[in-house]
>>> print(open('model-v3.cif').read())   # mmCIF, C-alpha atoms, pLDDT in the B column; chains and numbers go by the auth columns
data_structure
loop_
_atom_site.group_PDB
_atom_site.id
_atom_site.type_symbol
_atom_site.label_atom_id
_atom_site.label_comp_id
_atom_site.label_asym_id
_atom_site.label_seq_id
_atom_site.Cartn_x
_atom_site.Cartn_y
_atom_site.Cartn_z
_atom_site.B_iso_or_equiv
_atom_site.auth_seq_id
_atom_site.auth_asym_id
ATOM 1 C CA MET A 1 26.821 14.519 3.825 37.00 2 M
ATOM 2 C CA PRO A 2 25.664 15.890 0.447 43.00 3 M
ATOM 3 C CA PHE A 3 26.739 14.339 -2.828 43.00 4 M
ATOM 4 C CA SER A 4 29.337 16.231 -4.752 39.00 5 M
ATOM 5 C CA ARG A 5 31.098 15.628 -8.051 39.00 6 M
ATOM 6 C CA THR A 6 33.648 18.229 -9.017 38.00 7 M
ATOM 7 C CA GLY A 7 32.292 20.526 -6.327 39.00 8 M
ATOM 8 C CA VAL A 8 28.664 20.506 -7.538 39.00 9 M
ATOM 9 C CA ILE A 9 26.143 19.716 -4.795 39.00 10 M
ATOM 10 C CA PHE A 10 23.087 17.765 -5.898 45.00 11 M
ATOM 11 C CA PRO A 11 20.171 19.530 -4.168 49.00 12 M
ATOM 12 C CA LEU A 12 17.842 16.519 -3.953 47.00 13 M
ATOM 13 C CA MET A 13 20.486 14.629 -2.021 46.00 14 M
ATOM 14 C CA ALA A 14 21.937 17.531 -0.037 46.00 15 M
ATOM 15 C CA ALA A 15 19.718 17.244 3.044 41.00 16 M
ATOM 16 C CA LEU A 16 20.062 13.471 3.325 41.00 17 M
ATOM 17 C CA THR A 17 22.582 11.321 5.133 47.00 18 M
ATOM 18 C CA ALA A 18 24.367 9.791 2.189 83.00 19 M
ATOM 19 C CA LEU A 19 27.119 7.451 1.192 91.00 20 M
ATOM 20 C CA SER A 20 28.950 6.566 -1.963 93.00 21 M
ATOM 21 C CA PHE A 21 30.703 3.283 -2.789 95.00 22 M
ATOM 22 C CA ASN A 22 31.810 1.119 -5.685 96.00 23 M
ATOM 23 C CA ALA A 23 30.139 -2.213 -6.403 96.00 24 M
ATOM 24 C CA ARG A 24 29.554 -4.710 -9.182 97.00 25 M
ATOM 25 C CA ILE A 25 26.043 -5.276 -10.531 97.00 26 M
ATOM 26 C CA VAL A 26 25.058 -8.924 -10.104 97.00 27 M
ATOM 27 C CA ILE A 27 21.809 -10.741 -10.744 95.00 28 M
ATOM 28 C CA LYS A 28 19.435 -12.796 -8.581 89.00 29 M
ATOM 29 C CA ASP A 29 16.877 -14.694 -10.637 88.00 30 M
ATOM 30 C CA ILE A 30 15.934 -11.922 -13.093 90.00 31 M
ATOM 31 C CA ASN A 31 16.706 -8.981 -10.771 91.00 32 M
ATOM 32 C CA PRO A 32 19.943 -6.979 -11.177 95.00 33 M
ATOM 33 C CA TYR A 33 21.193 -5.612 -7.863 96.00 34 M
ATOM 34 C CA VAL A 34 24.150 -4.467 -5.805 97.00 35 M
ATOM 35 C CA THR A 35 24.683 -5.418 -2.197 96.00 36 M
ATOM 36 C CA VAL A 36 24.664 -2.740 0.469 96.00 37 M
ATOM 37 C CA SER A 37 26.720 -4.139 3.335 96.00 38 M
ATOM 38 C CA ALA A 38 25.464 -4.180 6.903 95.00 39 M
ATOM 39 C CA ALA A 39 28.043 -1.548 7.846 94.00 40 M
ATOM 40 C CA ARG A 40 26.920 0.766 5.043 94.00 41 M
ATOM 41 C CA ALA A 41 23.246 0.219 5.902 93.00 42 M
ATOM 42 C CA ARG A 42 23.978 1.136 9.530 92.00 43 M
ATOM 43 C CA GLY A 43 25.485 4.371 8.190 90.00 44 M
ATOM 44 C CA LEU A 44 22.142 5.200 6.599 90.00 45 M
ATOM 45 C CA ARG A 45 19.871 4.072 9.454 89.00 46 M
ATOM 46 C CA PRO A 46 21.258 2.119 12.421 89.00 47 M
ATOM 47 C CA GLY A 47 19.244 -0.936 13.423 87.00 48 M
ATOM 48 C CA TRP A 48 16.870 -0.843 10.442 86.00 49 M
ATOM 49 C CA LYS A 49 15.530 -4.335 9.650 86.00 50 M
ATOM 50 C CA LYS A 50 12.611 -3.761 7.256 87.00 51 M
ATOM 51 C CA PRO A 51 12.673 -2.412 3.682 88.00 52 M
ATOM 52 C CA LEU A 52 14.751 0.765 3.821 90.00 53 M
ATOM 53 C CA PRO A 53 13.503 3.719 1.713 91.00 54 M
ATOM 54 C CA VAL A 54 16.343 5.388 -0.152 92.00 55 M
ATOM 55 C CA ARG A 55 17.169 7.613 -3.085 93.00 56 M
ATOM 56 C CA VAL A 56 19.819 6.228 -5.387 94.00 57 M
ATOM 57 C CA ARG A 57 21.973 7.144 -8.355 94.00 58 M
ATOM 58 C CA ILE A 58 24.311 4.901 -10.303 95.00 59 M
ATOM 59 C CA ASN A 59 27.336 6.553 -11.899 95.00 60 M
ATOM 60 C CA GLY A 60 25.656 9.912 -11.218 92.00 61 M
ATOM 61 C CA LYS A 61 22.434 8.970 -13.020 93.00 62 M
ATOM 62 C CA PRO A 62 19.553 9.590 -13.169 92.00 63 M
ATOM 63 C CA GLU A 63 19.858 13.312 -12.520 89.00 64 M
ATOM 64 C CA ALA A 64 16.987 13.193 -10.012 89.00 65 M
ATOM 65 C CA PRO A 65 17.746 10.327 -7.594 91.00 66 M
ATOM 66 C CA TRP A 66 15.503 7.264 -7.973 89.00 67 M
ATOM 67 C CA ARG A 67 13.273 6.367 -5.003 89.00 68 M
ATOM 68 C CA ILE A 68 13.352 2.709 -4.021 89.00 69 M
ATOM 69 C CA ASN A 69 13.430 0.433 -0.987 89.00 70 M
ATOM 70 C CA LEU A 70 16.521 -1.538 -0.059 92.00 71 M
ATOM 71 C CA MET A 71 15.396 -5.069 0.713 92.00 72 M
ATOM 72 C CA PRO A 72 16.832 -6.831 3.806 93.00 73 M
ATOM 73 C CA MET A 73 18.995 -9.891 3.233 93.00 74 M
ATOM 74 C CA GLY A 74 18.546 -11.149 6.807 90.00 75 M
ATOM 75 C CA ASN A 75 22.130 -10.589 7.932 93.00 76 M
ATOM 76 C CA GLY A 76 22.034 -6.786 8.264 92.00 77 M
ATOM 77 C CA ALA A 77 22.951 -6.257 4.606 95.00 78 M
ATOM 78 C CA PHE A 78 20.451 -5.174 1.943 95.00 79 M
ATOM 79 C CA TYR A 79 19.747 -5.795 -1.722 95.00 80 M
ATOM 80 C CA LEU A 80 19.610 -2.648 -3.837 95.00 81 M
ATOM 81 C CA TYR A 81 17.589 -3.855 -6.814 93.00 82 M
ATOM 82 C CA LEU A 82 18.301 -1.692 -9.844 94.00 83 M
ATOM 83 C CA HIS A 83 15.214 -0.666 -11.782 90.00 84 M
ATOM 84 C CA ALA A 84 15.513 -0.729 -15.577 91.00 85 M
ATOM 85 C CA SER A 85 15.113 3.076 -15.654 90.00 86 M
ATOM 86 C CA VAL A 86 18.179 3.502 -13.442 93.00 87 M
ATOM 87 C CA ARG A 87 20.239 1.033 -15.485 95.00 88 M
ATOM 88 C CA LYS A 88 19.179 2.693 -18.734 95.00 89 M
ATOM 89 C CA ALA A 89 19.965 6.202 -17.463 95.00 90 M
ATOM 90 C CA SER A 90 23.379 5.082 -16.198 96.00 91 M
ATOM 91 C CA HIS A 91 24.138 2.893 -19.255 96.00 92 M
ATOM 92 C CA THR A 92 24.951 -0.040 -17.002 96.00 93 M
ATOM 93 C CA GLY A 93 24.151 -3.717 -16.841 95.00 94 M
ATOM 94 C CA VAL A 94 24.935 -6.950 -15.040 96.00 95 M
ATOM 95 C CA GLY A 95 28.668 -7.359 -14.504 97.00 96 M
ATOM 96 C CA ASP A 96 29.480 -3.642 -14.635 97.00 97 M
ATOM 97 C CA LYS A 97 31.422 -2.016 -11.823 98.00 98 M
ATOM 98 C CA VAL A 98 29.528 1.117 -10.754 97.00 99 M
ATOM 99 C CA THR A 99 29.608 3.977 -8.302 95.00 100 M
ATOM 100 C CA VAL A 100 26.533 3.878 -6.083 95.00 101 M
ATOM 101 C CA GLU A 101 25.259 7.056 -4.425 94.00 102 M
ATOM 102 C CA ILE A 102 22.609 6.340 -1.855 94.00 103 M
ATOM 103 C CA ALA A 103 20.746 8.324 0.803 93.00 104 M
ATOM 104 C CA PHE A 104 17.956 7.600 3.259 91.00 105 M
ATOM 105 C CA ASP A 105 14.691 8.958 1.842 88.00 106 M
ATOM 106 C CA GLU A 106 13.275 11.222 4.556 80.00 107 M
ATOM 107 C CA GLY A 107 10.302 12.024 2.332 78.00 108 M
ATOM 108 C CA TYR A 108 9.167 8.415 2.087 72.00 109 M
ATOM 109 C CA ARG A 109 5.591 7.755 3.135 64.00 110 M
ATOM 110 C CA SER A 110 4.412 4.181 3.277 59.00 111 M
ATOM 111 C CA GLY A 111 1.027 3.089 2.089 54.00 112 M
ATOM 112 C CA PRO A 112 -0.823 3.705 -1.136 53.00 113 M
ATOM 113 C CA THR A 113 0.362 6.636 -3.219 64.00 114 M
ATOM 114 C CA GLN A 114 -3.066 6.930 -4.836 74.00 115 M
ATOM 115 C CA ALA A 115 -6.349 7.354 -3.038 81.00 116 M
ATOM 116 C CA LEU A 116 -8.634 4.361 -2.832 86.00 117 M
ATOM 117 C CA PRO A 117 -11.309 4.880 -5.541 89.00 118 M
ATOM 118 C CA LYS A 118 -14.601 6.117 -4.081 90.00 119 M
ATOM 119 C CA TRP A 119 -16.502 3.376 -5.916 92.00 120 M
ATOM 120 C CA PHE A 120 -14.478 0.885 -3.845 92.00 121 M
ATOM 121 C CA GLN A 121 -14.138 2.876 -0.606 91.00 122 M
ATOM 122 C CA LYS A 122 -17.860 3.091 0.160 93.00 123 M
ATOM 123 C CA PRO A 123 -18.617 -0.661 -0.181 93.00 124 M
ATOM 124 C CA LEU A 124 -15.390 -1.488 1.674 92.00 125 M
ATOM 125 C CA ASN A 125 -16.404 0.726 4.606 92.00 126 M
ATOM 126 C CA ALA A 126 -19.816 -0.945 4.647 93.00 127 M
ATOM 127 C CA ASP A 127 -18.288 -4.426 4.966 92.00 128 M
ATOM 128 C CA ARG A 128 -16.693 -4.498 8.433 92.00 129 M
ATOM 129 C CA LYS A 129 -14.838 -7.791 7.959 93.00 130 M
ATOM 130 C CA ALA A 130 -13.412 -6.785 4.573 92.00 131 M
ATOM 131 C CA ARG A 131 -12.409 -3.345 5.889 91.00 132 M
ATOM 132 C CA ARG A 132 -10.498 -4.879 8.812 92.00 133 M
ATOM 133 C CA ALA A 133 -8.728 -7.262 6.461 90.00 134 M
ATOM 134 C CA PHE A 134 -7.793 -4.393 4.131 90.00 135 M
ATOM 135 C CA GLU A 135 -6.483 -2.310 7.036 88.00 136 M
ATOM 136 C CA ALA A 136 -4.377 -5.286 8.210 87.00 137 M
ATOM 137 C CA LEU A 137 -2.611 -5.563 4.845 83.00 138 M
ATOM 138 C CA THR A 138 0.985 -4.431 4.508 77.00 139 M
ATOM 139 C CA PRO A 139 1.509 -1.054 2.845 75.00 140 M
ATOM 140 C CA SER A 140 2.749 -2.795 -0.298 72.00 141 M
ATOM 141 C CA GLY A 141 -0.350 -5.030 -0.328 79.00 142 M
ATOM 142 C CA LYS A 142 -2.618 -1.989 -0.104 83.00 143 M
ATOM 143 C CA LYS A 143 -0.624 -0.257 -2.838 81.00 144 M
ATOM 144 C CA GLU A 144 -1.040 -3.230 -5.139 82.00 145 M
ATOM 145 C CA ILE A 145 -4.804 -3.342 -4.629 86.00 146 M
ATOM 146 C CA VAL A 146 -5.136 0.400 -5.201 86.00 147 M
ATOM 147 C CA ARG A 147 -2.932 0.167 -8.299 83.00 148 M
ATOM 148 C CA GLN A 148 -5.065 -2.628 -9.750 85.00 149 M
ATOM 149 C CA LEU A 149 -8.332 -0.813 -9.005 88.00 150 M
ATOM 150 C CA ALA A 150 -7.089 2.464 -10.487 86.00 151 M
ATOM 151 C CA ARG A 151 -6.463 0.723 -13.836 86.00 152 M
ATOM 152 C CA LEU A 152 -10.077 -0.374 -14.226 90.00 153 M
ATOM 153 C CA LYS A 153 -12.059 1.629 -16.773 90.00 154 M
ATOM 154 C CA THR A 154 -15.445 0.087 -17.467 94.00 155 M
ATOM 155 C CA PRO A 155 -18.324 -0.114 -14.979 93.00 156 M
ATOM 156 C CA GLU A 156 -18.474 -3.867 -15.614 94.00 157 M
ATOM 157 C CA ALA A 157 -14.810 -4.373 -14.724 93.00 158 M
ATOM 158 C CA LYS A 158 -15.187 -2.227 -11.613 92.00 159 M
ATOM 159 C CA ALA A 159 -18.271 -4.157 -10.439 93.00 160 M
ATOM 160 C CA ARG A 160 -16.620 -7.527 -11.113 93.00 161 M
ATOM 161 C CA ASN A 161 -13.425 -6.601 -9.266 91.00 162 M
ATOM 162 C CA LEU A 162 -15.313 -4.941 -6.414 91.00 163 M
ATOM 163 C CA ALA A 163 -17.300 -8.116 -5.768 92.00 164 M
ATOM 164 C CA ARG A 164 -14.189 -10.310 -6.022 91.00 165 M
ATOM 165 C CA ALA A 165 -12.076 -8.091 -3.730 90.00 166 M
ATOM 166 C CA LEU A 166 -14.750 -7.822 -1.022 91.00 167 M
ATOM 167 C CA HIS A 167 -15.356 -11.569 -1.216 91.00 168 M
ATOM 168 C CA VAL A 168 -11.671 -12.392 -0.694 90.00 169 M
ATOM 169 C CA LEU A 169 -11.073 -9.681 1.923 90.00 170 M
ATOM 170 C CA ALA A 170 -14.040 -11.042 3.896 88.00 171 M
ATOM 171 C CA GLY A 171 -12.111 -14.299 4.267 88.00 172 M
ATOM 172 C CA ASN A 172 -13.676 -16.311 1.467 86.00 173 M
ATOM 173 C CA PRO A 173 -11.675 -18.318 -1.096 84.00 174 M
ATOM 174 C CA GLY A 174 -11.162 -16.678 -4.425 74.00 175 M
#
>>> encode(input="model-v3.cif", output="structure tokens")
Amino acid sequence: MPFSRTGVIFPLMAALTALSFNARIVIKDINPYVTVSAARARGLRPGWKKPLPVRVRINGKPEAPWRINLMPMGNGAFYLYLHASVRKASHTGVGDKVTVEIAFDEGYRSGPTQALPKWFQKPLNADRKARRAFEALTPSGKKEIVRQLARLKTPEAKARNLARALHVLAGNPG
């Protein structure tokens, strides 16, 4: 079911199974979110129990739907945490009643979005124990490591972090 407002079909959402509902933005710790009920989640992907990749818009914004994972609550419902970019684009905040447009993200690919830097890949492949530990990490754990490594600029920082990462991945404290 494509999204439509006044007869205009939003092409990025058109090919996705989608739903629209009203909700109030609430906050958990420091994270604004809306709840996606178990029934609504089943409408997106029946039986899904892990983080659910979706594209979302709040009050029709942002123009290009935001990619995010719904996080399971444990009872079949999900948290839809609202990134600051989405709240800013939609001019919304905690306490506001909003229209949520949400669709399963068929284009989602888990795992790192960036390639593992070659300066890290070669030593990692050479260390069998560290490589197995890296491969056993969750996709989000791998993403975080790749993100941290990609930020490093100097040869000294790369060498320091390479040694630390291989040490910890090999099962040593650190």
>>> closest_atom_pairs(input="model-v3.cif", of="segment 62-120 of chain M", to="segment 35-51 of chain M", cutoff="9 Å", atoms="all atoms listed in the file", output="JSON lines")
{"residue": "M:Leu71", "atom": "CA", "partner": "M:Val37", "partner_atom": "CA", "distance": 8.2}
{"residue": "M:Met72", "atom": "CA", "partner": "M:Lys51", "partner_atom": "CA", "distance": 7.2}
{"residue": "M:Pro73", "atom": "CA", "partner": "M:Lys51", "partner_atom": "CA", "distance": 6.3}
{"residue": "M:Gly75", "atom": "CA", "partner": "M:Lys50", "partner_atom": "CA", "distance": 8.0}
{"residue": "M:Asn76", "atom": "CA", "partner": "M:Ala39", "partner_atom": "CA", "distance": 7.3}
{"residue": "M:Gly77", "atom": "CA", "partner": "M:Ala39", "partner_atom": "CA", "distance": 4.5}
{"residue": "M:Ala78", "atom": "CA", "partner": "M:Ala39", "partner_atom": "CA", "distance": 4.0}
{"residue": "M:Phe79", "atom": "CA", "partner": "M:Val37", "partner_atom": "CA", "distance": 5.1}
{"residue": "M:Tyr80", "atom": "CA", "partner": "M:Thr36", "partner_atom": "CA", "distance": 5.0}
{"residue": "M:Leu81", "atom": "CA", "partner": "M:Val35", "partner_atom": "CA", "distance": 5.3}
{"residue": "M:Tyr82", "atom": "CA", "partner": "M:Val35", "partner_atom": "CA", "distance": 6.7}
{"residue": "M:Leu83", "atom": "CA", "partner": "M:Val35", "partner_atom": "CA", "distance": 7.6}
{"residue": "M:Val101", "atom": "CA", "partner": "M:Val35", "partner_atom": "CA", "distance": 8.7}
{"residue": "M:Ile103", "atom": "CA", "partner": "M:Leu45", "partner_atom": "CA", "distance": 8.5}
{"residue": "M:Ala104", "atom": "CA", "partner": "M:Leu45", "partner_atom": "CA", "distance": 6.7}
{"residue": "M:Phe105", "atom": "CA", "partner": "M:Leu45", "partner_atom": "CA", "distance": 5.9}
>>> atom_distance(input="model-v3.cif", atom1="atom CA of Ala171 of chain M", atom2="atom CA of Arg129 of chain M")
8.4 Å
>>> resolve_selection(input="model-v3.cif", expression="the PyMOL selection byres ((chain M and resi 91) around 10)", output="list in words")
Arg58, Ile59, Asn60, Gly61, Lys62, Pro63, Glu64, Ala85, Ser86, Val87, Arg88, Lys89, Ala90, His92, Thr93, Gly94 and Val99 of chain M
>>> resolve_selection(input="model-v3.cif", expression="the PyMOL selection byres ((chain M and resi 115-125) around 7)", output="MDAnalysis selection string")
chainID M and resid 113:114 126:128 131:132 147 151 163 167
>>> atom_distance(input="model-v3.cif", atom1="atom CA of Lys98 of chain M", atom2="atom CA of Phe22 of chain M")
10.5 Å
>>> atom_distance(input="model-v3.cif", atom1="atom CA of Ile69 of chain M", atom2="atom CA of Gly96 of chain M")
21.1 Å
>>> resolve_selection(input="model-v3.cif", expression="the PyMOL selection byres ((chain M and resi 20) around 6)", output="list in words")
Ala19, Ser21, Glu102 and Ile103 of chain M
>>> closest_residue(input="model-v3.cif", among="M:Val169, M:Asn70, M:His84, M:Pro52", to="Ile31 of chain M", atoms="only C-alpha atoms")
M:His84
>>> closest_residue(input="model-v3.cif", among="M:Ala137, M:Val95, M:Ala158, M:Ala166", to="Val27 of chain M", atoms="all atoms listed in the file")
M:Val95
>>> closest_residue(input="model-v3.cif", among="M:Ala160, M:Ile26, M:Asp106, M:Thr100", to="Val55 of chain M", atoms="only C-alpha atoms")
M:Asp106
>>> axis_aligned_box(input="model-v3.cif", around="segment 120-137 of chain M", padding_each_side="4 Å", output="AutoDock Vina command-line options")
--center_x -12.1 --center_y -2.2 --center_z 1.4 --size_x 23.4 --size_y 19.2 --size_z 22.7
